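As provided, start-v7.cif (mmCIF, C-alpha atoms; chains and numbers go by the auth columns) reads as follows.
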data_data
loop_
_atom_site.group_PDB
_atom_site.id
_atom_site.type_symbol
_atom_site.label_atom_id
_atom_site.label_comp_id
_atom_site.label_asym_id
_atom_site.label_seq_id
_atom_site.Cartn_x
_atom_site.Cartn_y
_atom_site.Cartn_z
_atom_site.B_iso_or_equiv
_atom_site.auth_seq_id
_atom_site.auth_asym_id
ATOM 1 C CA MET A 1 -41.119 89.509 -4.757 0.00 225 W
ATOM 2 C CA PRO A 2 -41.451 92.278 -2.109 0.00 226 W
ATOM 3 C CA ALA A 3 -40.147 91.446 1.350 0.00 227 W
ATOM 4 C CA THR A 4 -43.687 91.879 2.709 0.00 228 W
ATOM 5 C CA SER A 5 -45.067 89.169 0.418 0.00 229 W
ATOM 6 C CA PRO A 6 -45.903 85.847 2.082 0.00 230 W
ATOM 7 C CA TYR A 7 -44.042 84.270 -0.862 0.00 231 W
ATOM 8 C CA HIS A 8 -40.769 86.131 -0.278 0.00 232 W
ATOM 9 C CA LEU A 9 -37.952 83.557 -0.278 0.00 233 W
ATOM 10 C CA SER A 10 -36.701 84.170 3.249 0.00 234 W
ATOM 11 C CA ALA A 11 -40.279 83.818 4.577 0.00 235 W
ATOM 12 C CA LEU A 12 -40.811 80.599 2.591 0.00 236 W
ATOM 13 C CA ARG A 13 -37.539 79.174 3.860 0.00 237 W
ATOM 14 C CA ARG A 14 -38.580 79.881 7.463 0.00 238 W
ATOM 15 C CA HIS A 15 -42.023 78.343 6.883 0.00 239 W
ATOM 16 C CA TYR A 16 -40.413 75.250 5.358 0.00 240 W
ATOM 17 C CA GLU A 17 -37.989 74.775 8.256 0.00 241 W
ATOM 18 C CA GLN A 18 -40.755 75.184 10.821 0.00 242 W
ATOM 19 C CA ALA A 19 -43.141 72.930 8.876 0.00 243 W
ATOM 20 C CA ALA A 20 -40.526 70.205 8.631 0.00 244 W
ATOM 21 C CA ALA A 21 -40.333 70.108 12.432 0.00 245 W
ATOM 22 C CA ASP A 22 -43.898 70.846 13.553 0.00 246 W
ATOM 23 C CA LYS A 23 -47.297 69.523 12.451 0.00 247 W
ATOM 24 C CA SER A 24 -49.265 72.740 13.081 0.00 248 W
ATOM 25 C CA ALA A 25 -46.625 74.775 11.222 0.00 249 W
ATOM 26 C CA GLY A 26 -46.915 72.219 8.421 0.00 250 W
ATOM 27 C CA GLU A 27 -50.652 72.820 8.233 0.00 251 W
ATOM 28 C CA LYS A 28 -50.163 76.613 8.059 0.00 252 W
ATOM 29 C CA PHE A 29 -47.491 76.226 5.389 0.00 253 W
ATOM 30 C CA TYR A 30 -49.743 73.977 3.324 0.00 254 W
ATOM 31 C CA LYS A 31 -52.654 76.441 3.557 0.00 255 W
ATOM 32 C CA LEU A 32 -50.415 79.343 2.509 0.00 256 W
ATOM 33 C CA MET A 33 -48.968 77.472 -0.468 0.00 257 W
ATOM 34 C CA ALA A 34 -52.285 75.947 -1.600 0.00 258 W
ATOM 35 C CA ASP A 35 -53.353 79.459 -2.663 0.00 259 W
ATOM 36 C CA TYR A 36 -50.304 79.985 -4.888 0.00 260 W
ATOM 37 C CA ASN A 37 -51.167 79.667 -8.583 0.00 261 W
ATOM 38 C CA ASP A 38 -48.455 81.610 -10.426 0.00 262 W
ATOM 39 C CA LYS A 39 -45.486 80.197 -12.310 0.00 263 W
ATOM 40 C CA ASP A 40 -42.388 81.078 -10.269 0.00 264 W
ATOM 41 C CA ALA A 41 -40.261 77.907 -10.205 0.00 265 W
ATOM 42 C CA VAL A 42 -38.841 78.416 -6.701 0.00 266 W
ATOM 43 C CA ILE A 43 -42.186 79.264 -5.141 0.00 267 W
ATOM 44 C CA LEU A 44 -43.690 76.221 -6.877 0.00 268 W
ATOM 45 C CA GLY A 45 -40.851 74.192 -5.363 0.00 269 W
ATOM 46 C CA TYR A 46 -41.938 75.351 -1.919 0.00 270 W
ATOM 47 C CA LYS A 47 -45.538 74.504 -2.818 0.00 271 W
ATOM 48 C CA GLY A 48 -44.400 70.965 -3.667 0.00 272 W
ATOM 49 C CA ALA A 49 -42.558 70.789 -0.347 0.00 273 W
ATOM 50 C CA ALA A 50 -45.708 71.928 1.482 0.00 274 W
ATOM 51 C CA GLU A 51 -47.729 69.206 -0.256 0.00 275 W
ATOM 52 C CA ALA A 52 -45.138 66.617 0.751 0.00 276 W
ATOM 53 C CA ILE A 53 -45.217 67.803 4.370 0.00 277 W
ATOM 54 C CA ARG A 54 -49.000 67.590 4.236 0.00 278 W
ATOM 55 C CA ALA A 55 -48.594 63.965 3.144 0.00 279 W
ATOM 56 C CA ARG A 56 -46.397 63.287 6.172 0.00 280 W
ATOM 57 C CA ASP A 57 -49.134 64.540 8.494 0.00 281 W
ATOM 58 C CA ALA A 58 -52.165 63.150 6.615 0.00 282 W
ATOM 59 C CA SER A 59 -54.147 60.017 7.319 0.00 283 W
ATOM 60 C CA MET A 60 -52.960 56.811 5.662 0.00 284 W
ATOM 61 C CA PHE A 61 -55.854 57.122 3.223 0.00 285 W
ATOM 62 C CA ASN A 62 -54.707 60.550 1.934 0.00 286 W
ATOM 63 C CA LYS A 63 -50.904 60.275 2.083 0.00 287 W
ATOM 64 C CA LEU A 64 -50.405 58.994 -1.451 0.00 288 W
ATOM 65 C CA SER A 65 -52.575 61.675 -3.081 0.00 289 W
ATOM 66 C CA TYR A 66 -50.557 64.444 -1.386 0.00 290 W
ATOM 67 C CA VAL A 67 -47.248 62.825 -2.362 0.00 291 W
ATOM 68 C CA GLN A 68 -48.437 62.509 -5.958 0.00 292 W
ATOM 69 C CA ALA A 69 -49.539 66.172 -5.946 0.00 293 W
ATOM 70 C CA ALA A 70 -46.101 67.152 -4.611 0.00 294 W
ATOM 71 C CA SER A 71 -44.431 65.133 -7.358 0.00 295 W
ATOM 72 C CA ARG A 72 -46.511 66.873 -10.051 0.00 296 W
ATOM 73 C CA THR A 73 -45.749 70.292 -8.558 0.00 297 W
ATOM 74 C CA PHE A 74 -42.017 69.529 -8.463 0.00 298 W
ATOM 75 C CA ASP A 75 -42.155 68.383 -12.103 0.00 299 W
ATOM 76 C CA GLN A 76 -43.801 71.683 -13.028 0.00 300 W
ATOM 77 C CA ALA A 77 -41.238 73.735 -11.076 0.00 301 W
ATOM 78 C CA VAL A 78 -38.259 71.886 -12.574 0.00 302 W
ATOM 79 C CA ALA A 79 -39.717 72.226 -16.074 0.00 303 W
ATOM 80 C CA LEU A 80 -39.865 76.011 -15.568 0.00 304 W
ATOM 81 C CA ASP A 81 -36.241 76.251 -14.367 0.00 305 W
ATOM 82 C CA PRO A 82 -34.367 72.930 -14.737 0.00 306 W
ATOM 83 C CA ASN A 83 -31.060 74.177 -13.323 0.00 307 W
ATOM 84 C CA ASN A 84 -32.428 76.015 -10.296 0.00 308 W
ATOM 85 C CA ALA A 85 -30.571 74.476 -7.373 0.00 309 W
ATOM 86 C CA GLU A 86 -33.092 75.564 -4.750 0.00 310 W
ATOM 87 C CA VAL A 87 -35.952 73.864 -6.616 0.00 311 W
ATOM 88 C CA ARG A 88 -33.863 70.739 -7.118 0.00 312 W
ATOM 89 C CA PHE A 89 -32.878 70.794 -3.428 0.00 313 W
ATOM 90 C CA LEU A 90 -36.498 70.907 -2.326 0.00 314 W
ATOM 91 C CA ARG A 91 -37.376 67.962 -4.562 0.00 315 W
ATOM 92 C CA PHE A 92 -34.250 66.093 -3.397 0.00 316 W
ATOM 93 C CA SER A 93 -35.038 66.673 0.287 0.00 317 W
ATOM 94 C CA VAL A 94 -38.526 65.263 -0.225 0.00 318 W
ATOM 95 C CA GLU A 95 -37.615 62.344 -2.492 0.00 319 W
ATOM 96 C CA THR A 96 -34.815 61.133 -0.213 0.00 320 W
ATOM 97 C CA ASN A 97 -37.398 60.766 2.559 0.00 321 W
ATOM 98 C CA LEU A 98 -40.000 58.819 0.541 0.00 322 W
ATOM 99 C CA PRO A 99 -40.258 55.049 0.825 0.00 323 W
ATOM 100 C CA SER A 100 -38.661 53.525 -2.280 0.00 324 W
ATOM 101 C CA PHE A 101 -41.675 51.276 -2.977 0.00 325 W
ATOM 102 C CA LEU A 102 -43.673 54.364 -4.029 0.00 326 W
ATOM 103 C CA GLY A 103 -41.449 54.746 -7.080 0.00 327 W
ATOM 104 C CA LEU A 104 -41.463 58.533 -6.699 0.00 328 W
ATOM 105 C CA SER A 105 -37.761 59.012 -5.946 0.00 329 W
ATOM 106 C CA GLN A 106 -36.413 58.723 -9.480 0.00 330 W
ATOM 107 C CA HIS A 107 -34.688 62.149 -9.454 0.00 331 W
ATOM 108 C CA VAL A 108 -32.474 61.645 -6.396 0.00 332 W
ATOM 109 C CA ASP A 109 -29.231 60.865 -8.256 0.00 333 W
ATOM 110 C CA ASP A 110 -29.623 63.635 -10.858 0.00 334 W
ATOM 111 C CA ASP A 111 -30.620 66.189 -8.236 0.00 335 W
ATOM 112 C CA ARG A 112 -27.739 65.229 -5.931 0.00 336 W
ATOM 113 C CA GLN A 113 -25.256 65.551 -8.780 0.00 337 W
ATOM 114 C CA LEU A 114 -26.595 68.973 -9.819 0.00 338 W
ATOM 115 C CA LEU A 115 -26.557 70.175 -6.211 0.00 339 W
ATOM 116 C CA VAL A 116 -22.947 69.123 -5.594 0.00 340 W
ATOM 117 C CA GLN A 117 -21.786 70.691 -8.883 0.00 341 W
ATOM 118 C CA THR A 118 -23.671 73.893 -8.069 0.00 342 W
ATOM 119 C CA LEU A 119 -22.319 74.126 -4.524 0.00 343 W
ATOM 120 C CA LEU A 120 -18.746 73.621 -5.734 0.00 344 W
ATOM 121 C CA LYS A 121 -19.130 76.772 -7.890 0.00 345 W
ATOM 122 C CA HIS A 122 -20.100 78.944 -4.924 0.00 346 W
ATOM 123 C CA PRO A 123 -20.104 81.972 -4.656 0.00 347 W
ATOM 124 C CA LYS A 124 -20.918 81.831 -8.382 0.00 348 W
ATOM 125 C CA SER A 125 -23.493 79.097 -7.783 0.00 349 W
ATOM 126 C CA GLY A 126 -26.602 81.244 -8.133 0.00 350 W
ATOM 127 C CA LEU A 127 -27.499 80.452 -4.518 0.00 351 W
ATOM 128 C CA ASP A 128 -27.510 83.182 -1.907 0.00 352 W
ATOM 129 C CA ALA A 129 -25.556 82.561 1.308 0.00 353 W
ATOM 130 C CA GLU A 130 -28.617 81.326 3.211 0.00 354 W
ATOM 131 C CA ALA A 131 -29.594 78.778 0.542 0.00 355 W
ATOM 132 C CA PHE A 132 -25.971 77.673 0.112 0.00 356 W
ATOM 133 C CA GLN A 133 -25.622 76.952 3.835 0.00 357 W
ATOM 134 C CA THR A 134 -28.951 75.106 3.971 0.00 358 W
ATOM 135 C CA VAL A 135 -28.219 72.898 0.962 0.00 359 W
ATOM 136 C CA ARG A 136 -24.618 72.173 1.978 0.00 360 W
ATOM 137 C CA GLY A 137 -25.661 71.441 5.563 0.00 361 W
ATOM 138 C CA PHE A 138 -28.376 69.036 4.432 0.00 362 W
ATOM 139 C CA LEU A 139 -26.157 67.152 1.984 0.00 363 W
ATOM 140 C CA VAL A 140 -23.210 66.848 4.370 0.00 364 W
ATOM 141 C CA SER A 141 -25.053 66.180 7.644 0.00 365 W
ATOM 142 C CA ARG A 142 -27.382 63.576 6.108 0.00 366 W
ATOM 143 C CA GLY A 143 -24.558 61.713 4.359 0.00 367 W
ATOM 144 C CA HIS A 144 -25.712 62.441 0.810 0.00 368 W
ATOM 145 C CA VAL A 145 -22.154 63.198 -0.324 0.00 369 W
ATOM 146 C CA SER A 146 -18.911 61.248 -0.225 0.00 370 W
ATOM 147 C CA ASP A 147 -16.280 62.097 2.388 0.00 371 W
ATOM 148 C CA GLU A 148 -14.203 63.760 -0.337 0.00 372 W
ATOM 149 C CA GLU A 149 -17.152 65.863 -1.522 0.00 373 W
ATOM 150 C CA ALA A 150 -17.950 66.822 2.077 0.00 374 W
ATOM 151 C CA GLN A 151 -14.367 68.023 2.587 0.00 375 W
ATOM 152 C CA GLN A 152 -14.501 70.048 -0.636 0.00 376 W
ATOM 153 C CA LEU A 153 -17.843 71.586 0.270 0.00 377 W
ATOM 154 C CA ASN A 154 -16.777 72.406 3.832 0.00 378 W
ATOM 155 C CA ARG A 155 -13.775 74.368 2.480 0.00 379 W
ATOM 156 C CA ILE A 156 -16.086 76.785 0.641 0.00 380 W
ATOM 157 C CA SER A 157 -17.089 79.814 2.645 0.00 381 W
ATOM 158 C CA SER A 158 -20.582 81.118 2.169 0.00 382 W
#
Take the structure in this file and express it as structure tokens.
Amino acid sequence: MPATSPYHLSALRRHYEQAAADKSAGEKFYKLMADYNDKDAVILGYKGAAEAIRARDASMFNKLSYVQAASRTFDQAVALDPNNAEVRFLRFSVETNLPSFLGLSQHVDDDRQLLVQTLLKHPKSGLDAEAFQTVRGFLVSRGHVSDEEAQQLNRISS
């Protein structure tokens, strides 16, 4: 993907971070990703994240349909590349924030396990330095890893 593409990974990562913190950025991110119709697993992962953010900002009436769309998009992305840690991270970050009564958080344990195993292999994890730092920071700062795992992960330089 050329660096000038709106779907270049570093641009998508920035959009995602901004959208997670700001409603108008979330709307822009959703509009950008709604137009994506190709089959790149990571970009589809960001599309799923955009749909989930849209659910956060939607009316009560529409929340569930956006969450279900995000879940379907994540399923498609994971099916294309089941061991892609960035895709699994995006799904994990969404599913860990969903209310459990929705029954849409069934991948949390598997995704967490894959993410920890992947991070422990860094720099041979398949994640670039930026993705490694983001995933490790999320898992450690949000308490998704044990104290022992956090210590192991914090010893790895990106």
All residues 9 Å or closer to W:Leu344, only C-alpha atoms, same chain fewer than 5 positions away omitted, as an MDAnalysis selection string = chainID W and resid 339 349 373 376:377 380
Find the residues around stretch 302-311 of chain W up to 12 Å (all atoms listed in the file counted), leave out those fewer than 5 positions away in its own chain, and share them as a short mmCIF file (atom, residue, chain, number, x, y, z; two decimals) with C-alpha atoms, in the coordinates of the input.
data_model
loop_
_atom_site.label_atom_id
_atom_site.label_comp_id
_atom_site.auth_asym_id
_atom_site.auth_seq_id
_atom_site.Cartn_x
_atom_site.Cartn_y
_atom_site.Cartn_z
CA LEU W 233 -37.95 83.56 -0.28
CA LEU W 236 -40.81 80.60 2.59
CA ARG W 237 -37.54 79.17 3.86
CA ASP W 262 -48.46 81.61 -10.43
CA LYS W 263 -45.49 80.20 -12.31
CA ASP W 264 -42.39 81.08 -10.27
CA ALA W 265 -40.26 77.91 -10.20
CA VAL W 266 -38.84 78.42 -6.70
CA ILE W 267 -42.19 79.26 -5.14
CA LEU W 268 -43.69 76.22 -6.88
CA GLY W 269 -40.85 74.19 -5.36
CA TYR W 270 -41.94 75.35 -1.92
CA LYS W 271 -45.54 74.50 -2.82
CA GLY W 272 -44.40 70.96 -3.67
CA ALA W 273 -42.56 70.79 -0.35
CA SER W 295 -44.43 65.13 -7.36
CA ARG W 296 -46.51 66.87 -10.05
CA THR W 297 -45.75 70.29 -8.56
CA PHE W 316 -34.25 66.09 -3.40
CA SER W 317 -35.04 66.67 0.29
CA VAL W 318 -38.53 65.26 -0.22
CA HIS W 331 -34.69 62.15 -9.45
CA ASP W 334 -29.62 63.64 -10.86
CA ASP W 335 -30.62 66.19 -8.24
CA ARG W 336 -27.74 65.23 -5.93
CA GLN W 337 -25.26 65.55 -8.78
CA LEU W 338 -26.60 68.97 -9.82
CA LEU W 339 -26.56 70.18 -6.21
CA VAL W 340 -22.95 69.12 -5.59
CA GLN W 341 -21.79 70.69 -8.88
CA THR W 342 -23.67 73.89 -8.07
CA LEU W 343 -22.32 74.13 -4.52
CA LEU W 344 -18.75 73.62 -5.73
CA LYS W 345 -19.13 76.77 -7.89
CA HIS W 346 -20.10 78.94 -4.92
CA SER W 349 -23.49 79.10 -7.78
CA GLY W 350 -26.60 81.24 -8.13
CA LEU W 351 -27.50 80.45 -4.52
CA ASP W 352 -27.51 83.18 -1.91
CA ALA W 353 -25.56 82.56 1.31
CA GLU W 354 -28.62 81.33 3.21
CA ALA W 355 -29.59 78.78 0.54
CA PHE W 356 -25.97 77.67 0.11
CA GLN W 357 -25.62 76.95 3.84
CA THR W 358 -28.95 75.11 3.97
CA VAL W 359 -28.22 72.90 0.96
CA ARG W 360 -24.62 72.17 1.98
#
Enumerate, as JSON, numbers by chain, the residues matched when the PyMOL selection byres ((chain W and resi 257) around 9) is run on the file above.
-> {"W": [231, 252, 253, 254, 255, 256, 258, 259, 260, 261, 267, 268, 270, 271, 272, 274, 275]}
Serialized selection, C-alpha atoms, as a compact mmCIF listing (two decimals), in the coordinates of the input:
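What ended up in part-v4.txt:
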# COMPACT_ATOMS: atom_id res chain seq x y z
CA TYR W 231 -44.04 84.27 -0.86
CA LYS W 252 -50.16 76.61 8.06
CA PHE W 253 -47.49 76.23 5.39
CA TYR W 254 -49.74 73.98 3.32
CA LYS W 255 -52.65 76.44 3.56
CA LEU W 256 -50.42 79.34 2.51
CA ALA W 258 -52.28 75.95 -1.60
CA ASP W 259 -53.35 79.46 -2.66
CA TYR W 260 -50.30 79.98 -4.89
CA ASN W 261 -51.17 79.67 -8.58
CA ILE W 267 -42.19 79.26 -5.14
CA LEU W 268 -43.69 76.22 -6.88
CA TYR W 270 -41.94 75.35 -1.92
CA LYS W 271 -45.54 74.50 -2.82
CA GLY W 272 -44.40 70.96 -3.67
CA ALA W 274 -45.71 71.93 1.48
CA GLU W 275 -47.73 69.21 -0.26
Of the listed residues W:Leu326, W:Arg315, W:Thr320, W:Ser289, that which approaches W:Arg366 most closely, counting all atoms listed in the file = W:Thr320
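Taking all atoms listed in the file into account, W:Arg238 lies nearest to W:Gly250 out of the set W:Leu328, W:Tyr290, W:Gly250, W:Phe285.
Proximity of W:Ala294, W:Leu288, W:Leu363, W:Ala276 to W:Phe313, computed with only C-alpha atoms, is greatest for W:Leu363.
Here the question is which of W:Pro230, W:Val364, W:Gly327, W:Arg278 gets nearest to W:Glu251 using all atoms listed in the file, and that residue is W:Arg278.
Each of W:Arg280, W:Ala235, W:Phe325, W:Ser229 was compared to W:Lys247 using all atoms listed in the file, and W:Arg280 turns out to be the nearest.
Atom CA of W:Val332 is positioned 23.9 Å from atom CA of W:Pro347.
Going from atom CA of W:Ser329 over to atom CA of W:Arg312, you cover 12.4 Å.
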Quick one, how far is atom CA of W:Ile277 from atom CA of W:His368?
-> 20.5 Å
Find, counting all atoms listed in the file, the residue in W:Leu314, W:Ala282, W:Ala249, W:Leu322 that gets nearest to W:Phe362.
-> W:Leu314
Adding 4 Å on each side of the box along x, y and z that holds all listed atoms of stretch 259-268 of chain W, could you give its centre and edge lengths in Å to one decimal, as AutoDock Vina command-line options?
--center_x -46.1 --center_y 78.9 --center_z -7.5 --size_x 22.5 --size_y 13.4 --size_z 17.6
